[in-house]
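K.L.:
My structure is in run_20.txt, and what it holds is compact mmCIF, C-alpha atoms and all ligand atoms:
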```txt
# COMPACT_ATOMS: atom_id res chain seq x y z
CA MET A 47 21.03 -10.20 -15.31
CA SER A 48 19.41 -9.42 -18.68
CA GLU A 49 15.65 -9.77 -18.94
CA ASN A 50 15.98 -12.80 -21.22
CA ASN A 51 18.22 -14.52 -18.70
CA LEU A 52 15.80 -13.58 -15.93
CA TYR A 53 12.99 -15.27 -17.87
CA GLN A 54 15.07 -18.46 -18.16
CA ALA A 55 16.08 -18.29 -14.50
CA TYR A 56 12.51 -17.77 -13.22
CA THR A 57 11.18 -20.52 -15.49
CA GLU A 58 13.80 -23.06 -14.45
CA ALA A 59 13.51 -22.18 -10.76
CA LEU A 60 9.75 -22.62 -10.75
CA GLY A 61 9.96 -25.90 -12.63
CA PRO A 62 7.17 -27.61 -14.54
CA LYS A 63 4.79 -28.06 -11.60
CA ARG A 64 4.26 -24.41 -10.87
CA THR A 65 2.87 -22.83 -13.99
CA ARG A 66 0.53 -20.36 -12.25
CA ALA A 67 2.55 -18.72 -9.52
CA LEU A 68 3.46 -15.58 -7.65
CA LEU A 69 7.21 -15.04 -7.43
CA LEU A 70 9.31 -12.63 -5.35
CA ASN A 71 12.80 -11.85 -6.58
CA HIS A 72 14.55 -11.59 -3.22
CA ASP A 73 17.52 -9.57 -4.47
CA TYR A 74 15.17 -6.97 -5.94
CA TRP A 75 13.07 -7.00 -2.75
CA GLN A 76 16.17 -6.31 -0.66
CA GLU A 77 17.31 -3.55 -3.00
CA ASN A 78 13.88 -1.97 -2.64
CA ILE A 79 14.11 -2.17 1.16
CA GLN A 80 17.50 -0.45 1.12
CA GLN A 81 16.26 2.24 -1.23
CA ILE A 82 13.25 2.94 1.00
CA LEU A 83 15.50 3.29 4.05
CA LYS A 84 17.64 5.79 2.18
CA ARG A 85 14.74 7.79 0.77
CA ALA A 86 13.04 8.07 4.16
CA GLY A 87 16.00 9.94 5.66
CA GLN A 88 15.84 9.97 9.46
CA LYS A 89 12.12 9.20 9.73
CA LYS A 90 10.65 6.06 11.16
CA ILE A 91 8.87 3.96 8.56
CA ARG A 92 5.47 2.38 9.07
CA ILE A 93 4.61 -0.46 6.67
CA ALA A 94 1.29 -0.31 4.78
CA THR A 95 0.03 -3.88 5.13
CA LYS A 96 -2.46 -3.61 2.25
CA SER A 97 0.50 -3.36 -0.11
CA VAL A 98 2.23 -6.49 1.27
CA ARG A 99 -0.50 -8.91 2.53
CA SER A 100 1.91 -11.55 3.80
CA CYS A 101 2.75 -11.88 7.50
CA GLU A 102 6.11 -13.49 6.86
CA LEU A 103 7.18 -10.71 4.52
CA LEU A 104 5.94 -8.03 6.94
CA LYS A 105 8.10 -9.64 9.63
CA GLU A 106 11.07 -9.75 7.29
CA VAL A 107 10.86 -6.01 6.65
CA LEU A 108 10.40 -5.20 10.35
CA ASN A 109 13.43 -7.31 11.22
CA SER A 110 15.60 -5.79 8.49
CA SER A 111 16.10 -2.41 10.25
CA SER A 112 15.04 -0.66 13.45
CA GLN A 113 13.91 2.24 11.25
CA PHE A 114 10.87 0.12 10.36
CA GLN A 115 8.42 0.51 13.21
CA GLY A 116 4.79 -0.45 13.26
CA LEU A 117 2.19 -1.25 10.64
CA MET A 118 -0.53 0.71 8.91
CA THR A 119 -3.41 -1.74 8.62
CA TYR A 120 -6.56 -1.50 6.53
CA THR A 121 -9.41 -3.15 8.45
CA LEU A 122 -10.12 -3.71 12.12
CA ALA A 123 -10.56 -7.47 11.65
CA GLU A 124 -7.10 -7.53 10.05
CA SER A 125 -5.61 -5.46 12.89
CA LEU A 126 -7.03 -7.82 15.51
CA TRP A 127 -5.72 -10.83 13.58
CA LEU A 128 -2.24 -9.31 13.25
CA ARG A 129 -2.19 -8.47 16.94
CA GLU A 130 -3.03 -12.09 17.77
CA LYS A 131 -0.01 -13.06 15.68
CA GLY A 132 2.22 -10.82 17.79
CA PHE A 133 2.46 -7.67 15.67
CA LYS A 134 2.49 -4.46 17.71
CA ASP A 135 1.90 -0.76 17.06
CA LEU A 136 -0.94 -1.08 14.59
CA LEU A 137 -2.30 2.13 13.13
CA LEU A 138 -5.54 1.42 11.32
CA GLY A 139 -5.23 3.82 8.40
CA TYR A 140 -8.95 4.24 7.64
CA PRO A 141 -12.12 4.86 9.66
CA ILE A 142 -14.19 1.73 10.30
CA TRP A 143 -17.81 0.83 10.97
CA ASP A 144 -17.42 -2.86 11.82
CA LEU A 145 -19.41 -3.23 15.03
CA GLU A 146 -18.53 -6.86 15.66
CA ALA A 147 -14.79 -6.13 15.45
CA LEU A 148 -15.23 -2.95 17.49
CA GLU A 149 -16.77 -4.98 20.29
CA ARG A 150 -13.75 -7.30 20.20
CA LEU A 151 -11.40 -4.31 20.29
CA ALA A 152 -13.29 -2.74 23.19
CA LYS A 153 -12.58 -5.86 25.27
CA ASN A 154 -8.85 -5.25 24.68
CA PRO A 155 -7.87 -2.01 22.94
CA GLN A 156 -4.12 -2.52 23.31
CA ASP A 157 -1.73 -1.83 20.40
CA ILE A 158 -4.40 -0.66 17.93
CA THR A 159 -5.03 3.00 17.07
CA LEU A 160 -8.21 3.91 15.22
CA MET A 161 -8.57 6.56 12.50
CA VAL A 162 -11.14 9.34 12.76
CA ASP A 163 -12.05 12.53 10.98
CA ARG A 164 -15.74 13.11 11.80
CA LEU A 165 -17.81 13.64 14.88
CA GLU A 166 -19.82 10.55 13.92
CA HIS A 167 -16.67 8.43 14.26
CA LEU A 168 -16.01 9.84 17.72
CA LYS A 169 -19.60 9.28 18.85
CA LEU A 170 -19.55 5.64 17.73
CA LEU A 171 -16.24 4.96 19.46
CA GLN A 172 -17.36 6.77 22.61
CA LEU A 173 -20.46 4.55 22.72
CA TYR A 174 -18.38 1.35 22.66
CA ALA A 175 -15.65 2.66 24.97
CA GLU A 176 -18.23 3.70 27.53
CA ARG A 177 -20.21 0.45 27.24
CA PHE A 178 -17.07 -1.62 27.82
CA ASN A 179 -15.55 0.85 30.27
CA THR A 180 -12.39 1.25 28.22
CA LYS A 181 -10.37 3.81 26.27
CA PHE A 182 -9.53 3.88 22.56
CA THR A 183 -6.44 5.58 21.16
CA LEU A 184 -7.17 7.66 18.07
CA CYS A 185 -5.43 9.27 15.13
CA LEU A 186 -6.90 12.23 13.27
CA ASP A 187 -6.83 11.98 9.48
CA ILE A 188 -6.36 15.37 7.81
CA ASP A 189 -6.95 16.21 4.18
CA LEU A 190 -3.91 17.39 2.24
CA SER A 191 -5.29 17.80 -1.24
CA LEU A 192 -4.92 20.97 -3.27
CA ASP A 193 -8.20 22.53 -4.35
CA LEU A 194 -7.96 24.60 -7.50
CA PRO A 195 -10.83 26.16 -9.45
CA GLY A 196 -12.60 23.18 -11.08
CA LEU A 197 -9.96 20.66 -9.95
CA ARG A 198 -9.12 18.79 -6.80
CA PHE A 199 -5.48 17.75 -7.06
CA GLY A 200 -5.76 15.01 -4.49
CA VAL A 201 -8.34 12.56 -3.14
CA PHE A 202 -11.54 12.68 -1.14
CA ARG A 203 -10.84 11.19 2.27
CA SER A 204 -10.81 13.30 5.40
CA SER A 205 -13.25 16.13 5.99
CA VAL A 206 -10.68 18.11 8.02
CA GLN A 207 -8.66 20.53 5.91
CA GLU A 208 -7.94 23.51 8.14
CA ASP A 209 -7.28 24.00 11.83
CA THR A 210 -10.42 26.12 11.93
CA GLN A 211 -12.44 22.92 11.34
CA LEU A 212 -11.06 21.22 14.43
CA LYS A 213 -13.25 22.87 17.04
CA ALA A 214 -16.17 20.41 17.20
CA LEU A 215 -13.82 17.40 17.21
CA VAL A 216 -11.51 18.91 19.79
CA ASP A 217 -14.41 19.89 22.09
CA TYR A 218 -15.79 16.36 21.91
CA LEU A 219 -12.38 14.78 22.55
CA GLN A 220 -11.75 17.02 25.53
CA GLU A 221 -15.18 16.28 26.95
CA HIS A 222 -14.70 12.50 26.53
CA ALA A 223 -11.04 12.22 27.48
CA ARG A 224 -11.83 9.33 29.81
CA HIS A 225 -12.72 7.11 26.84
CA LEU A 226 -11.03 8.67 23.80
CA GLU A 227 -7.39 9.67 23.55
CA LEU A 228 -5.98 11.43 20.51
CA VAL A 229 -2.40 10.21 20.07
CA GLY A 230 -1.58 10.97 16.45
CA VAL A 231 -2.24 12.87 13.25
CA MET A 232 -2.06 11.38 9.77
CA GLY A 233 -2.16 13.16 6.44
CA TYR A 234 -1.76 11.17 3.23
CA GLU A 235 -0.72 13.32 0.27
CA ALA A 236 -2.02 10.90 -2.39
CA GLN A 237 -1.48 13.42 -5.19
CA ILE A 238 2.28 13.36 -4.50
CA ALA A 239 2.70 9.77 -3.34
CA GLY A 240 0.47 8.02 -5.85
CA VAL A 241 0.73 10.08 -9.05
CA ALA A 242 3.53 9.34 -11.53
CA ASP A 243 5.22 12.44 -12.92
CA LYS A 244 7.97 11.34 -15.31
CA GLY A 245 7.64 13.31 -18.56
CA LYS A 246 4.61 15.22 -17.21
CA PRO A 247 5.66 18.85 -16.59
CA LEU A 248 2.18 19.98 -15.55
CA ILE A 249 1.93 17.26 -12.89
CA LYS A 250 5.39 18.19 -11.62
CA LEU A 251 4.33 21.81 -11.30
CA LEU A 252 1.12 20.88 -9.48
CA LYS A 253 3.10 18.64 -7.15
CA LEU A 254 5.50 21.45 -6.25
CA ARG A 255 2.64 23.82 -5.53
CA SER A 256 0.79 21.18 -3.52
CA ILE A 257 3.87 20.24 -1.45
CA SER A 258 4.44 23.80 -0.31
CA GLN A 259 0.76 24.20 0.61
CA LEU A 260 0.35 20.88 2.41
CA ARG A 261 3.51 21.41 4.49
CA LYS A 262 2.08 24.56 5.99
CA ARG A 263 -1.31 22.97 6.51
CA ARG A 264 0.04 19.90 8.28
CA GLU A 265 2.32 22.00 10.47
CA LYS A 266 -0.48 24.38 11.45
CA ILE A 267 -2.90 21.59 12.41
CA VAL A 268 -0.26 19.75 14.43
CA LYS A 269 0.71 22.97 16.23
CA THR A 270 -2.92 23.81 17.01
CA LEU A 271 -3.51 20.36 18.51
CA LYS A 272 -0.32 20.52 20.55
CA ASP A 273 -1.19 24.02 21.79
CA LEU A 274 -4.56 22.69 22.88
CA GLY A 275 -2.78 20.16 25.07
CA PHE A 276 -2.92 16.97 22.98
CA PRO A 277 0.45 15.27 23.54
CA LEU A 278 0.75 13.70 20.09
CA ARG A 279 2.94 10.61 19.97
CA PHE A 280 3.30 10.62 16.18
CA VAL A 281 2.58 12.55 13.00
CA ASN A 282 2.32 10.23 10.02
CA GLY A 283 2.58 11.20 6.37
CA GLY A 284 3.34 10.09 2.87
CA GLY A 285 3.56 6.95 0.87
CA THR A 286 6.01 5.28 -1.50
CA GLY A 287 5.92 8.08 -4.06
CA SER A 288 6.42 11.00 -1.67
CA LEU A 289 9.27 9.89 0.59
CA GLU A 290 11.63 12.64 -0.59
CA SER A 291 9.26 15.49 0.25
CA THR A 292 7.44 14.02 3.29
CA SER A 293 10.67 13.12 5.05
CA LEU A 294 11.80 16.76 4.84
CA GLU A 295 8.88 17.97 6.97
CA SER A 296 10.08 18.60 10.51
CA CYS A 297 6.64 18.07 12.07
CA VAL A 298 6.36 14.57 10.54
CA SER A 299 7.68 11.83 12.84
CA GLU A 300 7.07 8.84 10.57
CA VAL A 301 6.34 7.98 6.94
CA THR A 302 4.26 5.12 5.57
CA VAL A 303 5.50 2.83 2.78
CA GLY A 304 3.90 -0.21 1.20
CA SER A 305 4.09 -0.42 -2.58
CA GLY A 306 7.80 0.32 -2.70
CA PHE A 307 8.66 -3.18 -1.50
CA TYR A 308 7.08 -5.15 -4.36
CA GLY A 309 7.60 -2.47 -7.04
CA PRO A 310 4.37 -2.68 -9.05
CA LYS A 311 3.96 -1.21 -12.53
CA LEU A 312 2.20 2.02 -11.48
CA PHE A 313 5.36 3.03 -9.62
CA ASP A 314 7.54 2.99 -12.74
CA GLY A 315 6.89 6.57 -13.80
CA TYR A 316 8.41 8.71 -11.05
CA THR A 317 11.20 11.22 -11.60
CA GLN A 318 12.87 10.93 -8.20
CA PHE A 319 13.31 7.18 -7.84
CA SER A 320 13.03 3.86 -9.63
CA ILE A 321 11.92 0.66 -7.94
CA LYS A 322 12.82 -2.90 -8.90
CA PRO A 323 9.97 -5.14 -10.10
CA ALA A 324 10.34 -7.59 -7.22
CA LEU A 325 6.93 -9.27 -7.38
CA THR A 326 5.71 -10.91 -10.57
CA PHE A 327 3.12 -13.55 -11.39
CA CYS A 328 3.19 -16.13 -14.12
CA LEU A 329 0.49 -17.90 -16.08
CA PRO A 330 0.84 -20.91 -18.37
CA ILE A 331 0.30 -20.62 -22.11
CA VAL A 332 -2.49 -23.03 -23.04
CA ARG A 333 -3.41 -22.03 -26.60
CA ASN A 334 -1.87 -20.75 -29.80
CA PRO A 335 -4.95 -19.70 -31.77
CA ALA A 336 -3.09 -17.83 -34.53
CA PRO A 337 0.54 -17.17 -35.47
CA SER A 338 2.17 -14.99 -32.78
CA ILE A 339 -0.96 -15.10 -30.60
CA TYR A 340 -0.75 -17.12 -27.38
CA THR A 341 -3.44 -17.56 -24.75
CA CYS A 342 -2.68 -17.78 -21.05
CA HIS A 343 -4.88 -19.44 -18.48
CA GLY A 344 -6.19 -16.69 -16.13
CA GLY A 345 -4.87 -13.16 -15.87
CA GLY A 346 -7.78 -10.80 -15.27
CA TYR A 347 -6.20 -9.28 -12.19
CA VAL A 348 -7.26 -5.71 -12.77
CA ALA A 349 -6.16 -3.15 -10.20
CA SER A 350 -8.51 -0.86 -8.28
CA GLY A 351 -8.86 2.86 -8.93
CA MET A 352 -10.06 4.78 -11.97
CA SER A 353 -10.40 2.11 -14.66
CA GLY A 354 -8.06 2.36 -17.62
CA VAL A 355 -5.34 0.48 -19.46
CA ASP A 356 -2.84 1.34 -16.74
CA ARG A 357 -4.82 -0.83 -14.29
CA LEU A 358 -4.28 -4.00 -16.35
CA PRO A 359 -1.45 -6.43 -15.66
CA SER A 360 1.57 -5.80 -17.89
CA PRO A 361 3.34 -8.62 -19.71
CA TYR A 362 6.88 -8.55 -18.33
CA LEU A 363 8.91 -11.61 -19.33
CA PRO A 364 9.88 -12.68 -21.93
CA GLN A 365 10.22 -9.35 -23.68
CA GLY A 366 8.18 -8.54 -26.75
CA VAL A 367 4.80 -9.65 -25.40
CA LYS A 368 1.75 -7.38 -25.25
CA LEU A 369 -1.92 -7.61 -24.36
CA LEU A 370 -4.46 -7.29 -27.15
CA SER A 371 -6.30 -3.97 -26.91
CA PHE A 372 -9.67 -5.51 -27.79
CA GLU A 373 -9.45 -8.32 -25.22
CA GLY A 374 -7.39 -7.01 -22.29
CA ALA A 375 -6.81 -9.42 -19.39
CA GLY A 376 -9.54 -12.06 -19.20
CA GLU A 377 -11.29 -13.76 -16.29
CA VAL A 378 -10.19 -17.25 -17.39
CA GLN A 379 -8.09 -16.62 -20.51
CA THR A 380 -5.75 -13.86 -21.63
CA PRO A 381 -4.50 -13.81 -25.21
CA VAL A 382 -1.27 -11.96 -25.90
CA GLN A 383 0.80 -11.15 -28.96
CA SER A 384 4.45 -12.14 -28.90
CA THR A 385 7.33 -11.23 -31.18
CA THR A 386 9.11 -14.45 -30.23
CA SER A 387 7.89 -17.98 -30.67
CA LEU A 388 6.59 -19.58 -27.45
CA SER A 389 5.38 -23.06 -26.64
CA LEU A 390 2.29 -24.38 -24.90
CA GLY A 391 2.96 -24.91 -21.20
CA ALA A 392 5.62 -22.19 -21.04
CA PRO A 393 5.04 -19.50 -18.41
CA LEU A 394 4.47 -15.84 -19.16
CA PHE A 395 5.38 -13.38 -16.41
CA PHE A 396 3.32 -10.31 -15.68
CA ARG A 397 3.51 -7.35 -13.32
CA HIS A 398 0.43 -6.21 -11.47
CA ALA A 399 -0.40 -2.50 -11.60
CA LYS A 400 -0.61 -2.23 -7.80
CA ALA A 401 1.23 -3.92 -4.97
CA GLY A 402 -0.83 -6.03 -2.57
CA GLU A 403 -4.02 -6.75 -4.50
CA ILE A 404 -2.47 -9.56 -6.50
CA CYS A 405 -1.95 -11.50 -3.25
CA GLU A 406 -5.71 -12.08 -3.12
CA HIS A 407 -5.36 -14.43 -6.12
CA PHE A 408 -2.55 -16.62 -4.78
CA HIS A 409 -2.07 -18.68 -1.63
CA GLU A 410 1.69 -18.40 -1.52
CA ILE A 411 4.62 -16.42 -2.84
CA HIS A 412 7.64 -18.36 -4.09
CA ILE A 413 10.88 -16.75 -2.96
CA PHE A 414 13.51 -16.63 -5.74
CA LYS A 415 17.03 -16.40 -4.34
CA ASN A 416 20.39 -17.54 -5.78
CA GLN A 417 18.67 -18.81 -8.93
CA LEU A 418 16.38 -21.10 -6.91
CA ILE A 419 13.01 -21.08 -5.20
CA THR A 420 14.35 -21.33 -1.68
CA HIS A 421 11.02 -21.35 0.14
CA ASP A 422 7.39 -20.21 0.00
CA VAL A 423 5.61 -17.68 2.19
CA LYS A 424 1.87 -17.51 2.63
CA THR A 425 -0.26 -14.58 1.53
CA TYR A 426 -3.15 -13.43 3.75
CA ARG A 427 -5.39 -15.41 1.40
CA GLY A 428 -3.19 -18.47 1.88
CA GLU A 429 -3.88 -18.17 5.60
CA GLY A 430 -7.60 -18.23 4.86
CA GLN A 431 -8.07 -14.49 5.35
CA CYS A 432 -9.91 -12.04 3.13
CA PHE A 433 -10.33 -8.59 4.63
CA LEU A 434 -11.46 -6.38 1.75
C1 LIG A 501 -3.34 6.32 4.42
C2 LIG A 501 -2.29 5.85 3.48
N1 LIG A 501 -0.99 6.05 3.77
C3 LIG A 501 -0.03 5.63 2.96
C4 LIG A 501 -0.31 4.99 1.78
C5 LIG A 501 0.85 4.61 0.90
O1 LIG A 501 0.89 3.29 0.52
P1 LIG A 501 1.86 2.82 -0.64
O2 LIG A 501 3.23 3.07 -0.20
O3 LIG A 501 1.51 1.39 -0.80
O4 LIG A 501 1.53 3.61 -1.86
C6 LIG A 501 -1.64 4.77 1.42
C7 LIG A 501 -1.99 4.12 0.15
O5 LIG A 501 -3.06 4.18 -0.37
C8 LIG A 501 -2.67 5.20 2.30
O6 LIG A 501 -3.97 5.01 2.03
```
Produce structure tokens that represent the structure in this file.
Ligand SMILES: Cc1ncc(COP(=O)(O)O)c(C=O)c1O
P.N.:
Amino acid sequence: MSENNLYQAYTEALGPKRTRALLLNHDYWQENIQQILKRAGQKKIRIATKSVRSCELLKEVLNSSSQFQGLMTYTLAESLWLREKGFKDLLLGYPIWDLEALERLAKNPQDITLMVDRLEHLKLLQLYAERFNTKFTLCLDIDLSLDLPGLRFGVFRSSVQEDTQLKALVDYLQEHARHLELVGVMGYEAQIAGVADKGKPLIKLLKLRSISQLRKRREKIVKTLKDLGFPLRFVNGGGTGSLESTSLESCVSEVTVGSGFYGPKLFDGYTQFSIKPALTFCLPIVRNPAPSIYTCHGGGYVASGMSGVDRLPSPYLPQGVKLLSFEGAGEVQTPVQSTTSLSLGAPLFFRHAKAGEICEHFHEIHIFKNQLITHDVKTYRGEGQCFL
């Protein structure tokens, strides 16, 4: 379907009552699921919940193929909530310091694995495990960034880069094996998975160099831990943008994917794949302050990360609409310039820069299938939850 026809179809399907809405094109969503399955090769796929933020859609992905197994969650309160709803195999992708939730977990640690990379994390967890006479399962986060003179090609997350840095952690784990059990290793190569490279030869070169380095590093750390007697159940790696390279690593047992389902704008610029823009939001036009300038109600849904124009929502449908550089996307109003004539009350569709964050601004997602809105699914926010 051409983009103009898509605009008509979305507008008619939503109807006049729903002028501010979040819409999921179900055909595109399914195409994205199929593409992820293909790109992940033989690896199991863990779903990054932060990039989906809807229980019904998480279930839909899990039920679509047995290759999807488990979730990567982003807070402990969220993990506990998802477990209550029946989700299993929850790997909390980030270290936490939420003592109230930790106490709740200590009373029943089943199905949730915690992330660690420092001795301080281990000491905190040991304290709670001992107090509640229980055992936590843990995953070690390792750093996979490439350090060059004056440049870190990667992110600052884990403090563990080399197997030589494992000693203090390993000694502590061995000493406290009654309460702490290391079951997995995770390394997230953000500089491969989250950095677009289309038309950027220098980035491509850096990626190639980084991939060959991080492969060796991950393999060495995993081997060291196994040699020391830790029977690892999984080795997790990657994200939407790195499936091709992460899935080739023999020591990796599973890859993580989140953003690839919705297909946000920041994932347009990759050489090795292209994702369908499945999730879009629309806002009503409420003003026409000058010829070819239209103002939408709302719109300031700016994505996290280093601030810049690429973090703003992008006008998507109809074609020929752009934000104004001196106004951007506003808290209550967003003026745009359009090459075609539009009318007050008409919707304008946008794409968010990232995947799950937009769900914090909407209670439900309207599912667009066979030219109709067939049903709605709730976002986390629509279920009254707000985790970060
Ligand atoms: C630990 C970890 N794994 C995987 C991912 C990949 O998520 P996505 O596929 O949404 O980019 C992320 C994203 O930030 C992450 O933090």
K.L.:
Show which residues sit within 12 Å of A:Cys328, as a count of residues only. Count only C-alpha atoms, and ignore same-chain residues fewer than 2 positions away.
P.N.:
41
K.L.:
Could you tell me, counting all atoms listed in the file, which protein and nucleic acid residues lie no more than 6 Å from ligand LIG 501 (chain A), written as a PyMOL selection string?
P.N.:
chain A and resi 94+97+139+234+284-286+302-306
K.L.:
Mind working out the centre and edge lengths of an axis-aligned box for stretch 53-58 of chain A, all listed atoms inside, 5 Å added to each side, rounded to one decimal in Å and written as AutoDock Vina command-line options?
P.N.:
```
--center_x 13.6 --center_y -19.2 --center_z -15.7 --size_x 14.9 --size_y 17.8 --size_z 14.9
```
K.L.:
Atom CA of A:Ala401 and atom CA of A:Pro310 are how many Å apart?
P.N.:
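Taking atom CA of A:Ala401 as the start and atom CA of A:Pro310 as the end point, the length is 5.3 Å.
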K.L.:
For atom CA of A:Leu186 and atom CA of A:Met232, quote the distance in Å rounded to one decimal.
P.N.:
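Atom-to-atom, atom CA of A:Leu186 to atom CA of A:Met232, that is 6.0 Å.
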K.L.:
For stretch 107-126 of chain A, where the input has fewer atoms than it should, I would like N, CA and C atoms rebuilt and written as a compact mmCIF listing (two decimals), keeping the file's coordinate frame.
P.N.:
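Full text of selection.txt as output:
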```txt
# COMPACT_ATOMS: atom_id res chain seq x y z
N VAL A 107 10.53 -7.44 6.75
CA VAL A 107 10.86 -6.01 6.65
C VAL A 107 11.12 -5.44 8.04
N LEU A 108 10.23 -5.74 8.99
CA LEU A 108 10.40 -5.20 10.35
C LEU A 108 11.74 -5.60 10.95
N ASN A 109 12.17 -6.83 10.65
CA ASN A 109 13.43 -7.31 11.22
C ASN A 109 14.66 -6.79 10.49
N SER A 110 14.44 -6.18 9.30
CA SER A 110 15.60 -5.79 8.49
C SER A 110 16.26 -4.50 9.00
N SER A 111 15.52 -3.66 9.73
CA SER A 111 16.10 -2.41 10.25
C SER A 111 15.20 -1.86 11.35
N SER A 112 15.84 -1.23 12.36
CA SER A 112 15.04 -0.66 13.45
C SER A 112 14.32 0.61 12.99
N GLN A 113 14.64 1.08 11.79
CA GLN A 113 13.91 2.24 11.25
C GLN A 113 12.47 1.87 10.89
N PHE A 114 12.24 0.58 10.62
CA PHE A 114 10.87 0.12 10.36
C PHE A 114 10.18 -0.12 11.70
N GLN A 115 9.11 0.62 11.92
CA GLN A 115 8.42 0.51 13.21
C GLN A 115 6.92 0.59 12.99
N GLY A 116 6.24 -0.48 13.30
CA GLY A 116 4.79 -0.45 13.26
C GLY A 116 4.21 -0.67 11.88
N LEU A 117 2.90 -0.97 11.89
CA LEU A 117 2.19 -1.25 10.64
C LEU A 117 1.03 -0.28 10.46
N MET A 118 0.73 0.03 9.20
CA MET A 118 -0.53 0.71 8.91
C MET A 118 -1.46 -0.34 8.31
N THR A 119 -2.50 -0.66 9.04
CA THR A 119 -3.41 -1.74 8.62
C THR A 119 -4.60 -1.17 7.86
N TYR A 120 -5.46 -2.05 7.33
CA TYR A 120 -6.56 -1.50 6.53
C TYR A 120 -7.96 -1.94 6.95
N THR A 121 -8.09 -2.92 7.84
CA THR A 121 -9.41 -3.15 8.45
C THR A 121 -9.19 -3.49 9.93
N LEU A 122 -10.27 -3.40 10.70
CA LEU A 122 -10.12 -3.71 12.12
C LEU A 122 -9.96 -5.22 12.33
N ALA A 123 -10.70 -6.01 11.52
CA ALA A 123 -10.56 -7.47 11.65
C ALA A 123 -9.11 -7.87 11.37
N GLU A 124 -8.51 -7.24 10.37
CA GLU A 124 -7.10 -7.53 10.05
C GLU A 124 -6.20 -7.13 11.22
N SER A 125 -6.45 -5.95 11.78
CA SER A 125 -5.61 -5.46 12.89
C SER A 125 -5.67 -6.42 14.07
N LEU A 126 -6.88 -6.90 14.37
CA LEU A 126 -7.03 -7.82 15.51
C LEU A 126 -6.29 -9.14 15.23
```
